[in-house]
file target14.cif (mmCIF, C-alpha atoms)
data_data
#
loop_
_atom_site.label_atom_id
_atom_site.label_comp_id
_atom_site.auth_asym_id
_atom_site.auth_seq_id
_atom_site.Cartn_x
_atom_site.Cartn_y
_atom_site.Cartn_z
CA ILE I 1154 54.59 -86.12 88.06
CA ALA I 1155 55.75 -88.56 90.76
CA VAL I 1156 52.93 -91.00 89.98
CA LEU I 1157 53.49 -90.77 86.23
CA LYS I 1158 57.23 -91.31 86.64
CA ARG I 1159 56.50 -94.55 88.47
CA GLY I 1160 54.19 -95.57 85.65
CA ARG I 1161 56.83 -94.68 83.07
CA ASP I 1162 59.49 -96.70 84.86
CA ALA I 1163 57.18 -99.73 85.01
CA HIS I 1164 56.10 -99.42 81.36
CA ARG I 1165 59.01 -97.85 79.47
CA GLU I 1166 57.48 -98.23 76.01
CA ASN I 1167 54.01 -96.94 76.86
CA GLN I 1168 53.78 -93.66 74.97
CA SER I 1169 50.44 -92.61 76.49
CA ILE I 1170 52.09 -92.48 79.91
CA ARG I 1171 55.01 -90.56 78.44
CA VAL I 1172 52.69 -88.02 76.82
CA ALA I 1173 50.82 -87.54 80.11
CA LEU I 1174 54.12 -87.08 81.97
CA SER I 1175 55.37 -84.69 79.31
CA SER I 1176 52.17 -82.66 79.64
CA ALA I 1177 52.57 -82.54 83.41
CA TYR I 1178 56.14 -81.29 83.06
CA ALA I 1179 55.00 -78.63 80.59
CA ARG I 1180 52.22 -77.42 82.89
CA THR I 1181 54.85 -76.72 85.54
CA GLY I 1182 57.15 -74.95 83.07
CA LEU I 1183 59.67 -77.79 82.75
CA PHE I 1184 59.71 -77.81 78.96
CA GLU I 1185 63.14 -79.36 78.48
CA ALA I 1186 62.10 -82.32 80.65
CA ALA I 1187 58.83 -82.54 78.72
CA ILE I 1188 60.68 -82.75 75.40
CA ARG I 1189 63.15 -85.33 76.74
CA GLU I 1190 60.31 -87.71 77.54
CA LEU I 1191 59.12 -87.84 73.93
CA GLN I 1192 62.13 -87.05 71.76
CA PRO I 1193 63.60 -90.61 71.83
CA PHE I 1194 60.43 -92.07 70.26
CA TRP I 1195 60.59 -89.55 67.43
CA GLU I 1196 64.31 -90.05 66.83
CA ALA I 1197 63.82 -93.82 66.73
CA GLY I 1198 60.95 -93.48 64.23
CA GLN I 1199 58.54 -95.07 66.72
CA ALA I 1200 56.39 -92.07 67.70
CA GLU I 1201 52.65 -92.55 67.87
CA THR I 1202 50.27 -89.84 66.69
CA GLY I 1203 49.74 -88.37 70.16
CA THR I 1204 53.48 -88.33 70.78
CA TYR I 1205 54.13 -86.51 67.52
CA SER I 1206 51.40 -83.96 68.21
CA MET I 1207 52.57 -83.22 71.76
CA LEU I 1208 56.24 -83.04 70.82
CA GLY I 1209 55.52 -80.69 67.93
CA TRP I 1210 53.50 -78.45 70.22
CA LEU I 1211 56.34 -78.40 72.78
CA TYR I 1212 58.86 -77.31 70.17
CA GLU I 1213 56.39 -74.68 68.97
CA TRP I 1214 55.82 -73.33 72.48
CA THR I 1215 59.57 -73.03 73.06
CA ASP I 1216 59.90 -71.06 69.78
CA ASP I 1217 61.75 -73.83 67.92
CA HIS I 1218 59.43 -73.41 64.96
CA ALA I 1219 61.72 -75.16 62.47
CA THR I 1220 61.91 -78.39 64.51
CA ALA I 1221 58.20 -78.24 65.24
CA LEU I 1222 57.54 -78.10 61.52
CA VAL I 1223 59.75 -81.14 60.86
CA VAL I 1224 58.08 -83.18 63.61
CA LEU I 1225 54.54 -82.23 62.64
CA SER I 1226 55.16 -82.69 58.91
CA GLU I 1227 56.20 -86.27 59.68
CA ALA I 1228 53.09 -86.69 61.82
CA TYR I 1229 50.91 -85.37 59.01
CA ARG I 1230 52.38 -87.82 56.49
CA ARG I 1231 51.49 -90.65 58.88
CA SER I 1232 48.14 -89.33 60.15
CA PRO I 1233 46.76 -86.79 57.65
CA LYS I 1234 43.22 -87.00 59.05
CA ASP I 1235 44.05 -86.47 62.72
CA PRO I 1236 42.54 -83.10 63.78
CA GLY I 1237 45.24 -82.41 66.39
CA VAL I 1238 48.06 -83.03 63.94
CA VAL I 1239 46.35 -80.97 61.23
CA ASN I 1240 45.82 -78.06 63.59
CA ASN I 1241 49.32 -78.07 65.05
CA LEU I 1242 51.00 -78.34 61.64
CA ALA I 1243 48.90 -75.50 60.22
CA TYR I 1244 49.75 -73.40 63.26
CA SER I 1245 53.48 -74.08 62.80
CA HIS I 1246 53.26 -72.99 59.18
CA LEU I 1247 51.49 -69.78 60.21
CA MET I 1248 54.11 -68.97 62.83
CA LEU I 1249 56.73 -69.24 60.09
CA GLY I 1250 54.70 -67.05 57.72
CA HIS I 1251 53.67 -69.91 55.41
CA VAL I 1252 50.10 -68.76 54.90
CA GLU I 1253 49.18 -70.79 51.81
CA GLU I 1254 50.69 -73.96 53.24
CA ALA I 1255 48.66 -73.50 56.42
CA ARG I 1256 45.48 -72.93 54.42
CA ALA I 1257 46.05 -76.10 52.38
CA ILE I 1258 46.67 -78.16 55.52
CA LEU I 1259 43.51 -76.91 57.23
CA ASP I 1260 41.46 -77.43 54.07
CA SER I 1261 42.72 -81.02 53.84
CA LEU I 1262 40.77 -82.04 56.93
CA PRO I 1263 37.91 -84.35 55.91
CA LYS I 1264 34.43 -82.84 55.88
CA GLY I 1265 32.25 -83.66 58.83
CA ILE I 1266 34.95 -83.39 61.48
CA GLU I 1267 33.76 -80.93 64.09
CA PRO I 1268 36.46 -78.29 64.71
CA HIS I 1269 37.71 -78.00 68.27
CA VAL I 1270 38.53 -74.77 70.13
CA GLU I 1271 42.19 -74.66 69.09
CA MET I 1272 41.40 -75.30 65.43
CA ILE I 1273 38.84 -72.47 65.33
CA ALA I 1274 41.48 -70.18 66.83
CA THR I 1275 44.00 -71.33 64.21
CA ARG I 1276 41.47 -70.47 61.52
CA GLY I 1277 41.24 -67.05 63.14
CA LEU I 1278 45.01 -66.72 62.98
CA LEU I 1279 44.86 -67.60 59.27
CA HIS I 1280 42.41 -64.74 58.70
CA LEU I 1281 44.69 -62.34 60.57
CA ALA I 1282 47.65 -63.51 58.46
CA ASP I 1283 45.57 -62.62 55.40
CA GLY I 1284 44.96 -59.15 56.86
CA ASP I 1285 41.30 -59.92 57.58
CA GLU I 1286 41.09 -58.50 61.08
CA ALA I 1287 37.30 -58.72 61.41
CA GLY I 1288 37.25 -62.37 60.33
CA GLY I 1289 40.11 -63.24 62.64
CA VAL I 1290 38.50 -61.57 65.65
CA ARG I 1291 35.18 -63.28 64.91
CA LEU I 1292 36.77 -66.74 64.91
CA TYR I 1293 38.89 -66.13 68.01
CA GLU I 1294 35.79 -64.94 69.84
CA LYS I 1295 33.92 -68.03 68.64
CA ALA I 1296 36.71 -70.22 70.03
CA GLU I 1297 36.68 -68.29 73.30
CA LYS I 1298 32.92 -68.71 73.64
CA MET I 1299 33.13 -72.43 72.89
CA ALA I 1300 35.81 -72.89 75.55
CA ARG I 1301 33.83 -70.95 78.14
CA GLU I 1302 30.57 -72.79 77.41
CA SER I 1303 32.32 -76.14 77.82
CA GLY I 1304 33.55 -75.10 81.28
CA ARG I 1305 37.16 -74.43 80.28
CA SER I 1306 37.42 -70.88 81.53
CA ASP I 1307 41.23 -70.86 81.62
CA LEU I 1308 41.39 -71.96 77.98
CA ALA I 1309 38.91 -69.20 77.11
CA LYS I 1310 41.17 -66.67 78.82
CA ARG I 1311 44.19 -68.01 76.94
CA VAL I 1312 42.38 -67.75 73.60
CA ARG I 1313 41.53 -64.11 74.36
CA GLN I 1314 45.13 -63.39 75.36
CA LYS I 1315 46.38 -64.99 72.14
CA LEU I 1316 43.98 -62.80 70.16
CA HIS I 1317 45.49 -59.66 71.68
CA LEU I 1318 48.99 -60.97 70.92
CA GLU I 1319 48.14 -61.62 67.27
CA LEU I 1320 46.31 -58.30 66.89
CA ALA I 1321 49.46 -56.60 68.20
CA ARG I 1322 51.57 -58.46 65.63
CA LEU I 1323 49.15 -57.45 62.89
CA ALA I 1324 49.30 -53.80 64.03
CA ILE I 1325 53.10 -53.90 63.91
CA ARG I 1326 52.98 -55.26 60.34
CA GLN I 1327 50.73 -52.31 59.54
CA SER I 1328 53.07 -49.86 61.36
CA ASP I 1329 50.30 -48.92 63.79
CA TRP I 1330 52.50 -48.65 66.87
CA SER I 1331 49.91 -47.21 69.26
CA LYS I 1332 47.41 -49.96 68.47
CA ALA I 1333 50.11 -52.61 68.88
CA GLN I 1334 51.01 -51.28 72.30
CA ARG I 1335 47.36 -51.11 73.30
CA GLU I 1336 46.78 -54.75 72.33
CA ILE I 1337 49.90 -55.85 74.19
CA ARG I 1338 48.71 -54.08 77.34
CA ARG I 1339 45.28 -55.68 77.05
CA GLY I 1340 46.85 -59.10 76.66
CA MET I 1341 49.09 -58.60 79.68
CA LEU I 1342 46.07 -57.84 81.88
CA LEU I 1343 44.83 -61.39 81.33
CA LYS I 1344 46.35 -64.06 83.54
CA PRO I 1345 45.69 -67.61 82.34
CA ALA I 1346 46.86 -70.12 84.92
CA VAL I 1347 48.27 -72.54 82.33
CA TYR I 1348 50.42 -71.70 79.28
CA PRO I 1349 50.02 -67.91 79.41
CA PHE I 1350 51.40 -65.83 76.54
CA ASP I 1351 53.08 -63.35 78.91
CA ARG I 1352 56.58 -64.14 77.63
CA GLN I 1353 55.58 -63.56 74.01
CA LEU I 1354 53.77 -60.33 74.88
CA GLN I 1355 56.75 -59.00 76.84
CA HIS I 1356 59.11 -59.89 74.01
CA LEU I 1357 56.86 -58.13 71.52
CA LEU I 1358 56.70 -55.04 73.73
CA ALA I 1359 60.50 -54.93 73.95
CA GLU I 1360 60.72 -55.42 70.19
CA LEU I 1361 58.21 -52.62 69.66
CA SER I 1362 60.16 -50.26 71.91
CA GLY I 1363 63.28 -50.92 69.86
CA THR I 1364 61.66 -50.15 66.51
CA ARG I 1365 59.86 -46.93 67.39
#
call {"tool": "encode", "arguments": {"input": "target14.cif", "output": "structure tokens"}}
result
Amino acid sequence: IAVLKRGRDAHRENQSIRVALSSAYARTGLFEAAIRELQPFWEAGQAETGTYSMLGWLYEWTDDHATALVVLSEAYRRSPKDPGVVNNLAYSHLMLGHVEEARAILDSLPKGIEPHVEMIATRGLLHLADGDEAGGVRLYEKAEKMARESGRSDLAKRVRQKLHLELARLAIRQSDWSKAQREIRRGMLLKPAVYPFDRQLQHLLAELSGTR
């Protein structure tokens, strides 16, 4: 962070440095600082594709789904073929329950673009939103395997944790309280070093306790 701040101060308009600094802040849990680095470019209408994508993800991670959708919709209008933008926008739609919108966004990606780990997981989330548990699990496990085989073991762990979180949400929608609790417990046993879903799992557990 210290090195990147020096780079930022020497090159105030360099958005790549700002995105890297924002990412570093986020990795240490300083999400408000991460957003502050990028927000001015968006508000001034000067955001580059990577800035849009990162800022949208930050708003999504901090549960500001509505703002994430605005940011990423703008990014999509500017860069409709960028895989990161497509994935993040589809994910935002899914988190707001917009299943058909998410499907259309994912299907708009040009043929021949190889899906990355996060996009495969988002496809899995789309299947779960459709109630297709088997298809969702299959795609999440495919994403987990791809992450592990590429040497990103922490990402693989995070994908698995996210699967348990989404299976718990699906179980709640189906009023299967015992399964929901079981999936939450399984998710909480996993400990990704970066961007764990512990907060979301704990919130869901508290929510579940209040509805039973």
call {"tool": "resolve_selection", "arguments": {"input": "target14.cif", "expression": "the PyMOL selection byres ((chain I and resi 1172) around 8)", "output": "list in words"}}
result
Gln1168, Ser1169, Ile1170, Arg1171, Ala1173, Leu1174, Ser1175, Ser1176, Glu1190, Leu1191, Gly1203, Thr1204 and Met1207 of chain I
call {"tool": "residues_near_point", "arguments": {"input": "target14.cif", "point": "(53.4, -77.6, 90.2)", "cutoff": "12 Å", "atoms": "all atoms listed in the file", "output": "VMD selection string"}}
result
chain I and resid 1154 to 1155 1176 to 1183 1346 to 1347
call {"tool": "residues_around", "arguments": {"input": "target14.cif", "residues": "region 1308-1313 of chain I", "least_positions_apart": "6", "cutoff": "7 Å", "atoms": "all atoms listed in the file", "output": "ChimeraX atom specification"}}
result
/I:1293,1297-1298,1300-1301,1343,1345,1349
call {"tool": "atom_distance", "arguments": {"input": "target14.cif", "atom1": "CA of Lys1234 (chain I)", "atom2": "CA of Pro1263 (chain I)"}}
result
6.7 Å
call {"tool": "closest_residue", "arguments": {"input": "target14.cif", "among": "I:Ile1266, I:Leu1292, I:Val1238, I:Met1248", "to": "Glu1213 (chain I)", "atoms": "all atoms listed in the file"}}
result
I:Met1248
call {"tool": "resolve_selection", "arguments": {"input": "target14.cif", "expression": "the PyMOL selection byres ((chain I and resi 1357-1363) around 12)", "output": "PyMOL selection string"}}
result
chain I and resi 1317-1326+1328-1341+1350-1356+1364-1365
call {"tool": "atom_distance", "arguments": {"input": "target14.cif", "atom1": "CA of His1218 (chain I)", "atom2": "CA of Leu1342 (chain I)"}}
result
26.6 Å
call {"tool": "resolve_selection", "arguments": {"input": "target14.cif", "expression": "the PyMOL selection byres ((chain I and resi 1273) around 10)", "output": "ChimeraX atom specification"}}
result
/I:1240,1267-1272,1274-1279,1289,1291-1297,1299
call {"tool": "closest_residue", "arguments": {"input": "target14.cif", "among": "I:Glu1185, I:Glu1227, I:Asp1285, I:Asp1307", "to": "Leu1211 (chain I)", "atoms": "only C-alpha atoms"}}
result
I:Glu1185
call {"tool": "atom_distance", "arguments": {"input": "target14.cif", "atom1": "CA of Pro1236 (chain I)", "atom2": "CA of Arg1305 (chain I)"}}
result
19.4 Å
call {"tool": "closest_residue", "arguments": {"input": "target14.cif", "among": "I:Thr1220, I:Ser1306, I:Ser1226, I:Gln1199", "to": "Val1239 (chain I)", "atoms": "all atoms listed in the file"}}
result
I:Ser1226
call {"tool": "residues_around", "arguments": {"input": "target14.cif", "residues": "Leu1242 (chain I)", "least_positions_apart": "3", "cutoff": "8 Å", "atoms": "only C-alpha atoms", "output": "list in words"}}
result
Leu1222, Leu1225, Ser1226, Tyr1229, Val1238, Val1239, Ser1245, His1246, Ala1255 and Ile1258 of chain I
call {"tool": "write_last_selection", "arguments": {"input": "target14.cif", "atoms": "C-alpha atoms", "output": "PDB file, in the frame of the given file"}}
result
ATOM      1  CA  LEU I1222      57.540 -78.100  61.520  1.00  0.00           C
ATOM      2  CA  LEU I1225      54.540 -82.230  62.640  1.00  0.00           C
ATOM      3  CA  SER I1226      55.160 -82.690  58.910  1.00  0.00           C
ATOM      4  CA  TYR I1229      50.910 -85.370  59.010  1.00  0.00           C
ATOM      5  CA  VAL I1238      48.060 -83.030  63.940  1.00  0.00           C
ATOM      6  CA  VAL I1239      46.350 -80.970  61.230  1.00  0.00           C
ATOM      7  CA  SER I1245      53.480 -74.080  62.800  1.00  0.00           C
ATOM      8  CA  HIS I1246      53.260 -72.990  59.180  1.00  0.00           C
ATOM      9  CA  ALA I1255      48.660 -73.500  56.420  1.00  0.00           C
ATOM     10  CA  ILE I1258      46.670 -78.160  55.520  1.00  0.00           C
TER      11      ILE I1258
END
call {"tool": "closest_residue", "arguments": {"input": "target14.cif", "among": "I:Arg1189, I:Lys1344, I:His1280, I:Lys1158", "to": "Val1252 (chain I)", "atoms": "only C-alpha atoms"}}
result
I:His1280
